[in-house]
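Listing of input_16.cif, mmCIF, C-alpha atoms
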data_upload
loop_
_atom_site.label_atom_id
_atom_site.label_comp_id
_atom_site.auth_asym_id
_atom_site.auth_seq_id
_atom_site.Cartn_x
_atom_site.Cartn_y
_atom_site.Cartn_z
CA MET V 1 24.44 1.13 44.23
CA ASN V 2 21.87 3.38 45.82
CA LEU V 3 18.43 4.15 44.56
CA ASN V 4 17.32 7.73 44.40
CA ALA V 5 15.25 10.19 42.40
CA THR V 6 17.64 9.89 39.43
CA LEU V 7 15.46 6.92 38.53
CA PHE V 8 12.40 9.07 37.88
CA ALA V 9 14.41 11.68 36.03
CA GLN V 10 15.84 8.95 33.81
CA LEU V 11 12.30 7.63 33.26
CA VAL V 12 11.15 11.02 32.04
CA VAL V 13 14.22 11.47 29.83
CA PHE V 14 13.57 8.00 28.40
CA PHE V 15 10.09 8.97 27.23
CA ILE V 16 11.14 12.36 25.93
CA LEU V 17 13.88 10.80 23.82
CA ALA V 18 11.55 8.07 22.55
CA TRP V 19 8.93 10.68 21.67
CA PHE V 20 11.51 12.75 19.81
CA THR V 21 12.63 9.74 17.79
CA MET V 22 9.06 8.78 17.01
CA LYS V 23 8.24 12.33 15.91
CA PHE V 24 11.31 13.59 14.09
CA VAL V 25 13.76 10.78 13.37
CA TRP V 26 11.87 7.63 12.47
CA PRO V 27 9.18 8.78 9.98
CA PRO V 28 11.38 10.68 7.47
CA ILE V 29 14.01 7.94 7.34
CA VAL V 30 11.45 5.17 7.00
CA LYS V 31 9.69 7.19 4.30
CA ALA V 32 12.96 7.58 2.41
CA LEU V 33 13.69 3.86 2.78
CA ASP V 34 10.25 2.93 1.48
CA GLU V 35 10.59 5.37 -1.39
CA ARG V 36 13.96 3.94 -2.33
CA ALA V 37 12.62 0.41 -2.14
CA LYS V 38 9.81 1.47 -4.48
CA LYS V 39 12.27 3.17 -6.84
CA ILE V 40 14.38 0.05 -6.99
CA ALA V 41 11.34 -2.14 -7.55
CA ASP V 42 10.13 0.19 -10.32
CA GLY V 43 13.58 0.22 -11.89
CA LEU V 44 13.76 -3.54 -11.87
CA ALA V 45 10.28 -3.78 -13.35
CA ALA V 46 11.24 -1.28 -16.08
CA ALA V 47 14.37 -3.25 -16.85
CA GLU V 48 12.34 -6.42 -17.07
CA ARG V 49 9.86 -4.67 -19.33
CA GLY V 50 12.68 -3.36 -21.51
CA LYS V 51 14.12 -6.83 -21.81
CA HIS V 52 10.75 -8.19 -22.77
CA ASP V 53 10.27 -5.40 -25.35
CA LEU V 54 13.68 -6.09 -26.80
CA GLU V 55 12.78 -9.77 -27.14
CA LEU V 56 9.55 -8.86 -28.88
CA ALA V 57 11.32 -6.42 -31.20
CA THR V 58 13.94 -9.00 -32.08
CA LYS V 59 11.22 -11.47 -32.85
CA ARG V 60 9.33 -8.90 -34.91
CA SER V 61 12.38 -7.88 -36.89
CA ALA V 62 13.20 -11.52 -37.62
CA GLU V 63 9.65 -11.98 -38.79
CA ALA V 64 9.83 -8.90 -41.01
CA LEU V 65 13.11 -10.08 -42.46
CA ARG V 66 11.68 -13.49 -43.19
CA GLU V 67 8.58 -11.94 -44.79
CA GLY V 68 10.73 -9.65 -46.91
CA LYS V 69 12.78 -12.54 -48.12
CA GLU V 70 9.68 -14.50 -48.97
CA LYS V 71 8.19 -11.58 -50.80
CA SER V 72 11.32 -10.90 -52.81
CA ALA V 73 11.56 -14.57 -53.75
CA GLU V 74 7.95 -14.47 -54.84
CA LEU V 75 8.50 -11.32 -56.87
CA LEU V 76 11.53 -12.85 -58.49
CA ALA V 77 9.56 -15.95 -59.44
CA GLN V 78 6.75 -13.79 -60.81
CA ALA V 79 9.19 -11.73 -62.83
CA GLU V 80 10.76 -14.84 -64.25
CA LYS V 81 7.39 -16.21 -65.14
CA ARG V 82 6.39 -12.92 -66.71
CA ALA V 83 9.59 -12.79 -68.75
CA ALA V 84 8.99 -16.31 -70.04
CA GLN V 85 5.47 -15.31 -70.89
CA ILE V 86 6.65 -12.23 -72.76
CA ILE V 87 9.14 -14.30 -74.71
CA ASP V 88 6.45 -16.85 -75.54
CA GLU V 89 4.08 -14.12 -76.65
CA ALA V 90 6.75 -12.52 -78.79
CA LYS V 91 7.53 -15.86 -80.36
CA ALA V 92 3.90 -16.49 -81.12
CA GLN V 93 3.49 -13.02 -82.59
CA ALA V 94 6.58 -13.46 -84.72
CA LYS V 95 5.25 -16.73 -85.95
CA VAL V 96 1.92 -15.19 -86.87
CA GLU V 97 3.69 -12.32 -88.62
CA ALA V 98 5.91 -14.70 -90.50
CA GLU V 99 2.91 -16.72 -91.59
CA ARG V 100 1.16 -13.58 -92.67
CA ILE V 101 4.17 -12.46 -94.69
CA VAL V 102 4.47 -15.87 -96.26
CA ALA V 103 0.74 -15.89 -97.06
CA ALA V 104 0.95 -12.43 -98.57
CA GLY V 105 3.92 -13.49 -100.64
CA LYS V 106 2.09 -16.52 -101.81
CA ALA V 107 -0.94 -14.45 -102.76
CA ASP V 108 1.27 -12.00 -104.64
CA ALA V 109 2.91 -14.83 -106.47
CA GLU V 110 -0.42 -16.34 -107.37
CA GLN V 111 -1.70 -13.01 -108.57
CA GLU V 112 1.41 -12.53 -110.60
CA ALA V 113 0.95 -15.99 -112.11
CA VAL V 114 -2.70 -15.24 -112.97
CA ARG V 115 -1.67 -11.97 -114.53
CA ALA V 116 1.08 -13.70 -116.51
CA LYS V 117 -1.41 -16.35 -117.67
CA GLU V 118 -3.81 -13.65 -118.80
CA GLN V 119 -1.09 -11.84 -120.68
CA LEU V 120 0.00 -15.06 -122.19
CA ARG V 121 -3.54 -15.87 -123.27
CA GLU V 122 -3.98 -12.45 -124.79
CA SER V 123 -0.67 -12.82 -126.57
CA VAL V 124 -1.68 -16.26 -127.78
CA ALA V 125 -5.03 -14.91 -128.91
CA ALA V 126 -3.38 -12.10 -130.74
CA LEU V 127 -0.95 -14.56 -132.19
CA ALA V 128 -3.76 -16.88 -133.16
CA VAL V 129 -5.64 -14.04 -134.82
CA ALA V 130 -2.51 -13.00 -136.62
CA GLY V 131 -1.93 -16.63 -137.59
CA ALA V 132 -5.44 -16.99 -138.82
CA GLU V 133 -5.14 -13.77 -140.80
CA LYS V 134 -2.05 -15.10 -142.39
CA ILE V 135 -3.73 -18.38 -143.11
CA LEU V 136 -6.75 -16.84 -144.69
CA ARG V 137 -4.83 -14.07 -146.43
CA ARG V 138 -7.86 -12.26 -146.42
CA GLU V 139 -8.97 -9.43 -144.46
CA ILE V 140 -11.19 -10.55 -141.87
CA ASP V 141 -14.10 -8.54 -141.27
CA ALA V 142 -13.53 -7.90 -137.66
CA LYS V 143 -17.07 -6.99 -137.18
CA ALA V 144 -18.43 -10.04 -138.97
CA HIS V 145 -16.07 -12.32 -137.29
CA ALA V 146 -16.00 -10.71 -133.89
CA GLU V 147 -18.15 -13.36 -132.43
CA LEU V 148 -15.89 -16.04 -133.81
CA LEU V 149 -12.74 -14.30 -132.67
CA SER V 150 -13.92 -13.87 -129.15
CA ALA V 151 -14.98 -17.51 -129.04
CA ILE V 152 -11.48 -18.51 -130.07
CA LYS V 153 -10.09 -16.19 -127.50
CA GLN V 154 -12.23 -17.86 -124.91
CA ASP V 155 -11.03 -21.28 -125.83
CA LEU V 156 -7.42 -20.41 -125.56
CA MET E 1 50.03 -3.73 45.45
CA SER E 2 50.79 -0.08 45.23
CA THR E 3 49.13 0.81 48.48
CA GLU E 4 52.27 1.82 50.31
CA ALA E 5 53.61 3.91 47.47
CA ALA E 6 50.23 5.39 46.69
CA ALA E 7 49.60 6.17 50.30
CA ALA E 8 52.47 8.61 50.24
CA HIS E 9 50.89 10.88 47.58
CA GLY E 10 47.30 9.84 47.17
CA PRO E 11 44.48 7.51 48.04
CA THR E 12 44.86 3.83 48.78
CA ALA E 13 43.52 1.33 46.27
CA GLY E 14 40.36 0.96 48.31
CA GLU E 15 39.85 4.69 48.59
CA TYR E 16 40.51 5.13 44.87
CA ILE E 17 37.82 2.64 43.92
CA VAL E 18 35.29 3.88 46.45
CA HIS E 19 35.90 7.44 45.25
CA HIS E 20 35.31 6.41 41.65
CA LEU E 21 32.11 4.57 42.56
CA THR E 22 30.59 7.57 44.31
CA HIS E 23 28.19 9.73 42.36
CA LEU E 24 28.16 13.46 42.05
CA ASN E 25 24.76 14.09 43.58
CA THR E 26 22.70 16.93 44.93
CA THR E 27 23.94 16.33 48.51
CA GLY E 28 27.61 16.71 47.66
CA HIS E 29 28.61 13.59 49.57
CA ALA E 30 28.00 9.85 49.18
CA GLN E 31 24.41 8.76 49.64
CA THR E 32 24.08 7.17 53.08
CA SER E 33 20.84 5.22 52.92
CA VAL E 34 20.18 2.65 50.20
CA ILE E 35 17.01 4.35 49.02
CA ASP E 36 16.65 8.10 49.29
CA PHE E 37 14.37 9.80 46.79
CA SER E 38 15.43 13.28 47.86
CA VAL E 39 18.77 12.77 46.12
CA ILE E 40 19.50 13.08 42.40
CA ASN E 41 22.70 11.84 40.76
CA LEU E 42 23.73 14.84 38.70
CA ASP E 43 26.49 13.01 36.83
CA THR E 44 24.28 10.13 35.68
CA LEU E 45 21.57 12.53 34.57
CA THR E 46 23.96 14.91 32.81
CA PHE E 47 25.76 12.25 30.85
CA SER E 48 22.63 10.29 29.97
CA ILE E 49 20.92 13.43 28.67
CA LEU E 50 24.10 14.42 26.86
CA MET E 51 24.39 11.04 25.18
CA GLY E 52 20.68 10.95 24.36
CA VAL E 53 20.82 14.41 22.83
CA LEU E 54 24.01 13.57 20.92
CA GLY E 55 22.59 10.36 19.45
CA LEU E 56 19.24 11.87 18.59
CA PHE E 57 20.83 15.03 17.19
CA VAL E 58 22.97 13.02 14.78
CA MET E 59 19.98 10.92 13.70
CA TRP E 60 17.79 14.01 13.48
CA ARG E 61 20.32 15.74 11.19
CA VAL E 62 20.31 12.64 9.01
CA ALA E 63 16.51 12.48 9.05
CA ALA E 64 16.23 16.17 8.13
CA ASN E 65 18.51 15.76 5.11
CA VAL E 66 17.37 12.29 4.18
CA THR E 67 17.22 11.33 0.51
CA SER E 68 15.58 8.39 -1.16
CA GLY E 69 18.31 8.50 -3.79
CA VAL E 70 21.90 7.47 -3.21
CA PRO E 71 22.52 7.82 0.55
CA GLY E 72 25.65 9.34 2.06
CA ARG E 73 27.78 7.36 4.48
CA MET E 74 26.19 8.84 7.58
CA GLN E 75 22.71 8.23 6.23
CA ALA E 76 23.66 4.69 5.24
CA ALA E 77 24.97 4.03 8.76
CA VAL E 78 21.81 5.35 10.40
CA GLU E 79 19.72 3.40 7.88
CA ILE E 80 21.52 0.17 8.74
CA VAL E 81 20.78 0.59 12.46
CA LEU E 82 17.21 1.69 11.79
CA GLU E 83 16.57 -1.19 9.41
CA MET E 84 17.98 -3.66 11.93
CA VAL E 85 15.69 -2.33 14.66
CA ALA E 86 12.70 -2.16 12.29
CA ASN E 87 13.18 -5.79 11.27
CA GLN E 88 13.48 -6.96 14.87
CA ALA E 89 10.38 -4.98 15.80
CA LYS E 90 8.47 -6.46 12.87
CA GLY E 91 9.40 -9.97 13.96
CA ILE E 92 8.47 -9.51 17.60
CA VAL E 93 5.61 -7.01 17.82
CA HIS E 94 2.88 -8.15 15.46
CA HIS E 95 0.84 -5.00 15.62
CA GLU E 96 1.30 -2.41 12.91
CA GLU E 97 -0.14 0.50 14.88
CA SER E 98 1.91 -0.23 18.00
CA ARG E 99 5.11 -0.45 15.98
CA LYS E 100 4.80 3.22 15.07
CA PHE E 101 5.77 3.97 18.65
CA VAL E 102 7.53 0.77 19.70
CA ALA E 103 10.06 0.66 16.85
CA PRO E 104 11.29 4.26 17.36
CA LEU E 105 11.39 3.51 21.08
CA ALA E 106 13.59 0.49 20.45
CA LEU E 107 15.86 2.53 18.17
CA THR E 108 16.17 5.22 20.84
CA VAL E 109 16.97 2.62 23.48
CA PHE E 110 19.62 0.98 21.32
CA VAL E 111 21.41 4.16 20.28
CA TRP E 112 21.12 5.79 23.67
CA ILE E 113 22.39 2.81 25.64
CA PHE E 114 25.15 2.20 23.12
CA LEU E 115 26.40 5.76 23.59
CA MET E 116 26.02 5.67 27.38
CA ASN E 117 27.91 2.38 27.54
CA SER E 118 30.56 3.85 25.26
CA MET E 119 31.44 6.40 27.95
CA ASP E 120 33.40 3.49 29.39
CA PHE E 121 35.91 3.81 26.53
CA LEU E 122 37.07 7.22 27.74
CA PRO E 123 40.17 7.06 29.93
CA LEU E 124 38.90 6.29 33.41
CA ASP E 125 40.27 9.39 35.11
CA LEU E 126 39.97 11.83 32.20
CA LEU E 127 36.60 13.42 32.91
CA PRO E 128 36.83 13.13 36.75
CA THR E 129 40.24 14.86 36.72
CA LEU E 130 38.97 17.58 34.38
CA TRP E 131 35.97 18.05 36.65
CA GLN E 132 38.14 18.20 39.77
CA THR E 133 40.41 20.74 38.09
CA ALA E 134 37.46 22.79 36.90
CA THR E 135 35.79 22.91 40.31
CA GLY E 136 39.07 23.20 42.22
CA ASP E 137 37.87 20.45 44.52
CA HIS E 138 40.29 17.53 44.34
CA HIS E 139 37.82 15.24 45.99
CA ALA E 140 34.90 16.06 43.72
CA TYR E 141 32.98 12.97 42.69
CA LEU E 142 32.09 12.15 39.09
CA ARG E 143 30.96 8.95 37.41
CA VAL E 144 30.72 9.14 33.65
CA VAL E 145 28.90 5.91 32.71
CA PRO E 146 25.15 6.44 33.26
CA THR E 147 24.40 2.76 32.65
CA ALA E 148 26.72 1.78 35.50
CA ASP E 149 24.22 3.50 37.79
CA LEU E 150 21.29 1.35 38.85
CA ASN E 151 19.04 4.42 38.78
CA GLY E 152 19.77 4.89 35.11
CA THR E 153 19.07 1.33 34.05
CA LEU E 154 16.09 0.80 36.35
CA GLY E 155 14.66 4.12 35.17
CA MET E 156 14.68 2.78 31.63
CA SER E 157 13.39 -0.68 32.54
CA ILE E 158 10.52 0.90 34.51
CA GLY E 159 9.84 2.98 31.44
CA VAL E 160 9.55 -0.23 29.47
CA LEU E 161 7.27 -1.65 32.18
CA LEU E 162 4.97 1.35 31.86
CA VAL E 163 4.84 0.90 28.10
CA CYS E 164 3.98 -2.79 28.64
CA LEU E 165 1.18 -1.91 31.06
CA TRP E 166 -0.16 0.68 28.63
CA TYR E 167 -0.27 -1.80 25.76
CA ASN E 168 -1.80 -4.50 28.00
CA VAL E 169 -4.71 -2.16 28.68
CA LYS E 170 -4.83 -0.77 25.14
CA ILE E 171 -4.89 -4.12 23.35
CA LYS E 172 -6.93 -6.25 25.76
CA GLY E 173 -9.04 -3.55 27.37
CA LEU E 174 -8.90 -2.89 31.09
CA GLY E 175 -11.38 -5.69 31.81
CA GLY E 176 -9.61 -8.14 29.56
CA TRP E 177 -6.28 -7.42 31.14
CA ILE E 178 -7.61 -7.76 34.70
CA HIS E 179 -9.26 -11.00 33.66
CA GLU E 180 -5.92 -12.20 32.34
CA LEU E 181 -4.14 -11.18 35.54
CA PHE E 182 -6.33 -13.59 37.52
CA THR E 183 -6.76 -16.44 35.05
CA ALA E 184 -3.35 -16.81 33.42
CA PRO E 185 -1.11 -18.76 33.47
CA PHE E 186 -2.80 -21.61 35.39
CA GLY E 187 -6.40 -21.30 34.26
CA SER E 188 -9.74 -19.90 35.28
CA HIS E 189 -10.77 -21.22 38.67
CA PRO E 190 -11.53 -19.24 41.87
CA VAL E 191 -8.92 -21.25 43.80
CA LEU E 192 -6.30 -20.34 41.21
CA TYR E 193 -7.07 -16.61 41.13
CA PRO E 194 -4.64 -15.57 43.89
CA ILE E 195 -1.92 -17.87 42.59
CA ASN E 196 -2.29 -16.52 39.08
CA PHE E 197 -2.25 -12.95 40.29
CA ALA E 198 0.83 -13.55 42.43
CA MET E 199 2.59 -15.19 39.47
CA GLN E 200 1.73 -12.25 37.23
CA MET E 201 3.05 -9.76 39.76
CA ILE E 202 6.26 -11.74 40.20
CA GLU E 203 6.61 -11.91 36.45
CA PHE E 204 6.30 -8.15 35.99
CA LEU E 205 8.68 -7.49 38.87
CA ALA E 206 11.24 -10.06 37.69
CA LYS E 207 11.13 -8.79 34.13
CA THR E 208 11.66 -5.20 35.11
CA VAL E 209 14.33 -5.80 37.75
CA SER E 210 16.30 -8.29 35.63
CA HIS E 211 16.00 -5.97 32.63
CA GLY E 212 17.58 -3.08 34.50
CA MET E 213 19.97 -5.18 36.58
CA ARG E 214 21.45 -7.02 33.61
CA LEU E 215 22.65 -3.84 31.95
CA PHE E 216 23.72 -2.29 35.22
CA GLY E 217 25.64 -5.39 36.29
CA ASN E 218 27.55 -5.64 33.05
CA MET E 219 28.53 -2.00 32.91
CA TYR E 220 29.28 -1.75 36.63
CA ALA E 221 31.51 -4.81 36.48
CA GLY E 222 33.20 -3.50 33.34
CA GLU E 223 33.88 -0.17 35.01
CA LEU E 224 35.24 -1.92 38.09
CA VAL E 225 37.66 -3.96 36.00
CA PHE E 226 38.87 -0.75 34.32
CA MET E 227 39.50 0.66 37.82
CA LEU E 228 41.51 -2.38 38.87
CA ILE E 229 43.54 -2.12 35.67
CA ALA E 230 44.10 1.58 36.36
CA LEU E 231 45.41 0.66 39.80
CA MET E 232 48.03 -1.53 38.12
CA GLY E 233 49.15 1.53 36.19
CA ALA E 234 49.28 3.55 39.37
CA ALA E 235 51.88 1.11 40.73
CA TRP E 236 54.58 2.72 38.57
CA GLY E 237 56.44 4.02 41.60
CA SER E 238 56.59 0.66 43.40
CA ALA E 239 59.92 -0.65 44.56
CA GLY E 240 62.12 -2.68 42.21
CA LEU E 241 60.75 -4.31 39.08
CA THR E 242 57.21 -4.67 40.43
CA GLY E 243 56.20 -1.16 39.50
CA PRO E 244 57.28 -1.14 35.83
CA LEU E 245 55.99 -4.70 35.35
CA LEU E 246 52.58 -3.82 36.77
CA TRP E 247 52.57 -0.69 34.65
CA ALA E 248 53.30 -2.73 31.49
CA GLY E 249 50.61 -5.20 32.59
CA HIS E 250 48.13 -2.37 32.89
CA ILE E 251 48.76 -1.37 29.27
CA VAL E 252 48.27 -4.92 28.01
CA ALA E 253 45.29 -5.71 30.25
CA GLY E 254 43.74 -2.31 29.55
CA SER E 255 43.95 -2.82 25.79
CA ILE E 256 42.54 -6.34 25.97
CA TRP E 257 39.71 -5.33 28.27
CA ALA E 258 38.85 -2.24 26.24
CA ILE E 259 38.69 -4.28 23.04
CA PHE E 260 36.55 -6.94 24.71
CA HIS E 261 34.42 -4.18 26.18
CA ILE E 262 33.47 -3.02 22.67
CA LEU E 263 31.59 -6.30 22.36
CA ILE E 264 29.93 -5.89 25.74
CA VAL E 265 28.90 -2.31 25.02
CA ALA E 266 27.23 -3.23 21.74
CA LEU E 267 25.84 -6.51 23.01
CA GLN E 268 24.25 -5.06 26.15
CA ALA E 269 22.67 -2.26 24.13
CA PHE E 270 21.30 -4.87 21.71
CA ILE E 271 20.05 -7.13 24.51
CA PHE E 272 18.29 -4.28 26.27
CA MET E 273 16.62 -3.30 23.00
CA MET E 274 15.59 -6.88 22.19
CA LEU E 275 14.14 -7.45 25.67
CA THR E 276 12.26 -4.16 25.37
CA LEU E 277 10.69 -5.46 22.17
CA VAL E 278 10.03 -8.91 23.62
CA TYR E 279 8.31 -7.56 26.73
CA ILE E 280 6.18 -5.17 24.69
CA GLY E 281 5.42 -8.00 22.28
CA GLN E 282 4.26 -10.14 25.21
CA ALA E 283 1.97 -7.34 26.31
CA HIS E 284 0.22 -7.72 22.93
CA GLU E 285 -0.39 -11.45 23.31
CA SER E 286 -3.40 -12.64 25.18
CA HIS E 287 -3.44 -15.98 26.96
#
As C-alpha cells, please, write out the structure in this file.
Amino acid sequence: MNLNATLFAQLVVFFILAWFTMKFVWPPIVKALDERAKKIADGLAAAERGKHDLELATKRSAEALREGKEKSAELLAQAEKRAAQIIDEAKAQAKVEAERIVAAGKADAEQEAVRAKEQLRESVAALAVAGAEKILRREIDAKAHAELLSAIKQDL
Amino acid sequence: MSTEAAAAHGPTAGEYIVHHLTHLNTTGHAQTSVIDFSVINLDTLTFSILMGVLGLFVMWRVAANVTSGVPGRMQAAVEIVLEMVANQAKGIVHHEESRKFVAPLALTVFVWIFLMNSMDFLPLDLLPTLWQTATGDHHAYLRVVPTADLNGTLGMSIGVLLVCLWYNVKIKGLGGWIHELFTAPFGSHPVLYPINFAMQMIEFLAKTVSHGMRLFGNMYAGELVFMLIALMGAAWGSAGLTGPLLWAGHIVAGSIWAIFHILIVALQAFIFMMLTLVYIGQAHESH
C-alpha cells in the first residue's frame, strides 16, 4: 500500500482510454442504436398505417357491396315495372286492334247489307216493271214512260 | 497451520503473503517509503493497460462492424452495457453536450475496472509462477490485479476529480466556481467564507480518496482472502488428517469465495462508474 508514480501513469492511461472510447467506440454504436430505434419506430408506424388502410378498405368494400346490392334491387324493380308496362301496352294495343277489326267487320257487313238492299230494290223494280208490263199487256213505251218508271223505282 | 511443513521447502505463511503483496516495480525490491514518486509499479501498469486495451479493442471491433439491423451476440452484449451506461448517464448528468464525453468515460471506467477486477479470477499463483519461471528469478514479484493497487484506483479517482474540476469551470465559469467555493454550502457572508472554502476542499478530498479507496479496499481484501485460501491448499503435506482436510477446505472455500467474488467484481465496477457519474453530475449543479 505505497503511493508512487504509478498513480500518474494510471491517470494518463485513464484519459487515453476514455478519449479512445469517446472517439472510436461510443459514436458508431450509439448511431446504430438510434438508427435501429428509428427503424423500429418507422416499422411500427407503417404497420399501424397498414392496419388503418385495411380497415378503410374493408369499410369501402362493404360500402361498395351494399351499393351494388341496392343498385341491382333497383334495376330489378325497374325491369319488373317495365315488363308490366310492356304487357299493359300490348294489351291496350291488342284491344285497339280488336276494336278496329270489329269496326271494319261491322262496316263491311253494313256495306254488304246496303249492297244487298240495292240489288233487292233493283230486282223488285225490275219485277215491278215486268209485273206492270204483264198487267198492261201492252208494250210500254219506255221512252214515254221513263219518267213514270223511274218514279216507281224511286218509291220502291 | 502449514508453517512448519512449508518452512521445509518454501516460504512461511507470512512470507508467502508479503511476497504476493509486493509489486514488481522499477527498483526491483519492495518500496521502502510510503510515498516515493521515483518508483513505478510495472505490474499494475502492464495489466491495467493490457485490460484497457483488451476491453477497448473488443468494443472497437464491435463498433467498427456495427449494424443497425439485427445485431450479433457480441454486438448485442456490448449494446446492453452501453445502453445501461447511457441510461445512467442520462439520469445523472443533465447536460447533453457534457454527456458526449462523460458517457463514454463512464463506459470506459466500467469495462476497464470490470476487466481489471476480473484478474482476481485467475489462479492466484498462475501468472506469478509463470513470470518467475520466465525470468528465472524464483523471488520475482508480480501482482496481477491493478485495482488492488492503491496507485491504480487513486489514479482513476484523481482523473475523475480533474474531470469534475474541468466541468465546474466550464459550466459555471471560473468566477462562478470560485464564488461557489466561498459561498456554498453555508451561504454568502464574509465570516462564512473560510468555513465554506474549507468544507469544499474537504468535500473534494473526501470524494476522491473514498472513490479510490473503496475500490482498492474491496479488491485488496478479496485478493488477501484468496491468499489465505491458497495457504489452506498449501497445507497438503501437514501431519495426519489436518493436511488433506485443509486442502479439501481450500477447494470448497476457494469455490465459494470465487463465486461470491463475481458479484464484488461487477458491483465494484458498477459503483465506481456510478460515483464517477454522480460526481461529474454534481460538478454541473450550481448552489
field: Resolved residues for the PyMOL selection byres ((chain V) within 10 of (chain E)) as a PyMOL selection string
entry: chain V and resi 1-40
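Interatomic distance, atom CA of Arg60 of chain V to atom CA of Ala79 of chain V: 28.1 Å.
With atom CA of Ala283 of chain E on one side and atom CA of His179 of chain E on the other, the separation reads 13.9 Å.
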field: Shell of 12 Å around Leu127 of chain V, only C-alpha atoms, local chain residues under 6 positions omitted, as a PyMOL selection string
entry: chain V and resi 119-121+133-135+149+152-153+156
field: atom CA of Phe272 of chain E to atom CA of Phe110 of chain E, straight-line distance in Å
entry: 7.3 Å
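Among the candidates E:Met274, E:Ala248, E:Tyr279, E:Phe182, the one nearest to Asn87 of chain E when counting all atoms listed in the file is E:Met274.
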- request: Check which residues satisfy the PyMOL selection byres ((chain E and resi 268) around 10) in the file shown, then give them as a PyMOL selection string.
  value: chain E and resi 110+113-114+117+214-216+218-219+263-267+269-274
Please write the residues picked by the PyMOL selection byres ((chain E and resi 92) around 9) on this file as a CSV table (one decimal) with C-alpha atoms, in the coordinates of the input.
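Output saved as expr.csv:
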chain,number,residue,atom,x,y,z
E,87,ASN,CA,13.2,-5.8,11.3
E,88,GLN,CA,13.5,-7.0,14.9
E,89,ALA,CA,10.4,-5.0,15.8
E,90,LYS,CA,8.5,-6.5,12.9
E,91,GLY,CA,9.4,-10.0,14.0
E,93,VAL,CA,5.6,-7.0,17.8
E,94,HIS,CA,2.9,-8.2,15.5
E,274,MET,CA,15.6,-6.9,22.2
E,277,LEU,CA,10.7,-5.5,22.2
E,278,VAL,CA,10.0,-8.9,23.6
E,280,ILE,CA,6.2,-5.2,24.7
E,281,GLY,CA,5.4,-8.0,22.3
E,282,GLN,CA,4.3,-10.1,25.2
Reconstructed segment 76-88 of chain E, atom set N, CA and C atoms, as a short mmCIF file (atom, residue, chain, number, x, y, z; two decimals), keeping the file's coordinate frame:
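Listed below is the output, out-v5.cif:
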data_model
loop_
_atom_site.label_atom_id
_atom_site.label_comp_id
_atom_site.auth_asym_id
_atom_site.auth_seq_id
_atom_site.Cartn_x
_atom_site.Cartn_y
_atom_site.Cartn_z
N ALA E 76 23.62 6.14 5.39
CA ALA E 76 23.66 4.69 5.24
C ALA E 76 23.85 4.02 6.60
N ALA E 77 24.72 4.61 7.44
CA ALA E 77 24.97 4.03 8.76
C ALA E 77 23.70 4.07 9.61
N VAL E 78 23.05 5.22 9.62
CA VAL E 78 21.81 5.35 10.40
C VAL E 78 20.75 4.39 9.85
N GLU E 79 20.71 4.29 8.50
CA GLU E 79 19.72 3.40 7.88
C GLU E 79 19.95 1.95 8.29
N ILE E 80 21.21 1.56 8.37
CA ILE E 80 21.52 0.17 8.74
C ILE E 80 20.97 -0.12 10.14
N VAL E 81 21.25 0.80 11.09
CA VAL E 81 20.78 0.59 12.46
C VAL E 81 19.25 0.59 12.49
N LEU E 82 18.66 1.56 11.79
CA LEU E 82 17.21 1.69 11.79
C LEU E 82 16.54 0.46 11.18
N GLU E 83 17.12 0.00 10.09
CA GLU E 83 16.57 -1.19 9.41
C GLU E 83 16.65 -2.41 10.31
N MET E 84 17.79 -2.54 11.01
CA MET E 84 17.98 -3.66 11.93
C MET E 84 16.88 -3.62 13.00
N VAL E 85 16.70 -2.45 13.61
CA VAL E 85 15.69 -2.33 14.66
C VAL E 85 14.29 -2.58 14.09
N ALA E 86 14.03 -2.01 12.90
CA ALA E 86 12.70 -2.16 12.29
C ALA E 86 12.39 -3.63 12.02
N ASN E 87 13.40 -4.37 11.55
CA ASN E 87 13.18 -5.79 11.27
C ASN E 87 12.92 -6.58 12.54
N GLN E 88 13.70 -6.27 13.59
CA GLN E 88 13.48 -6.96 14.87
C GLN E 88 12.08 -6.66 15.39
#
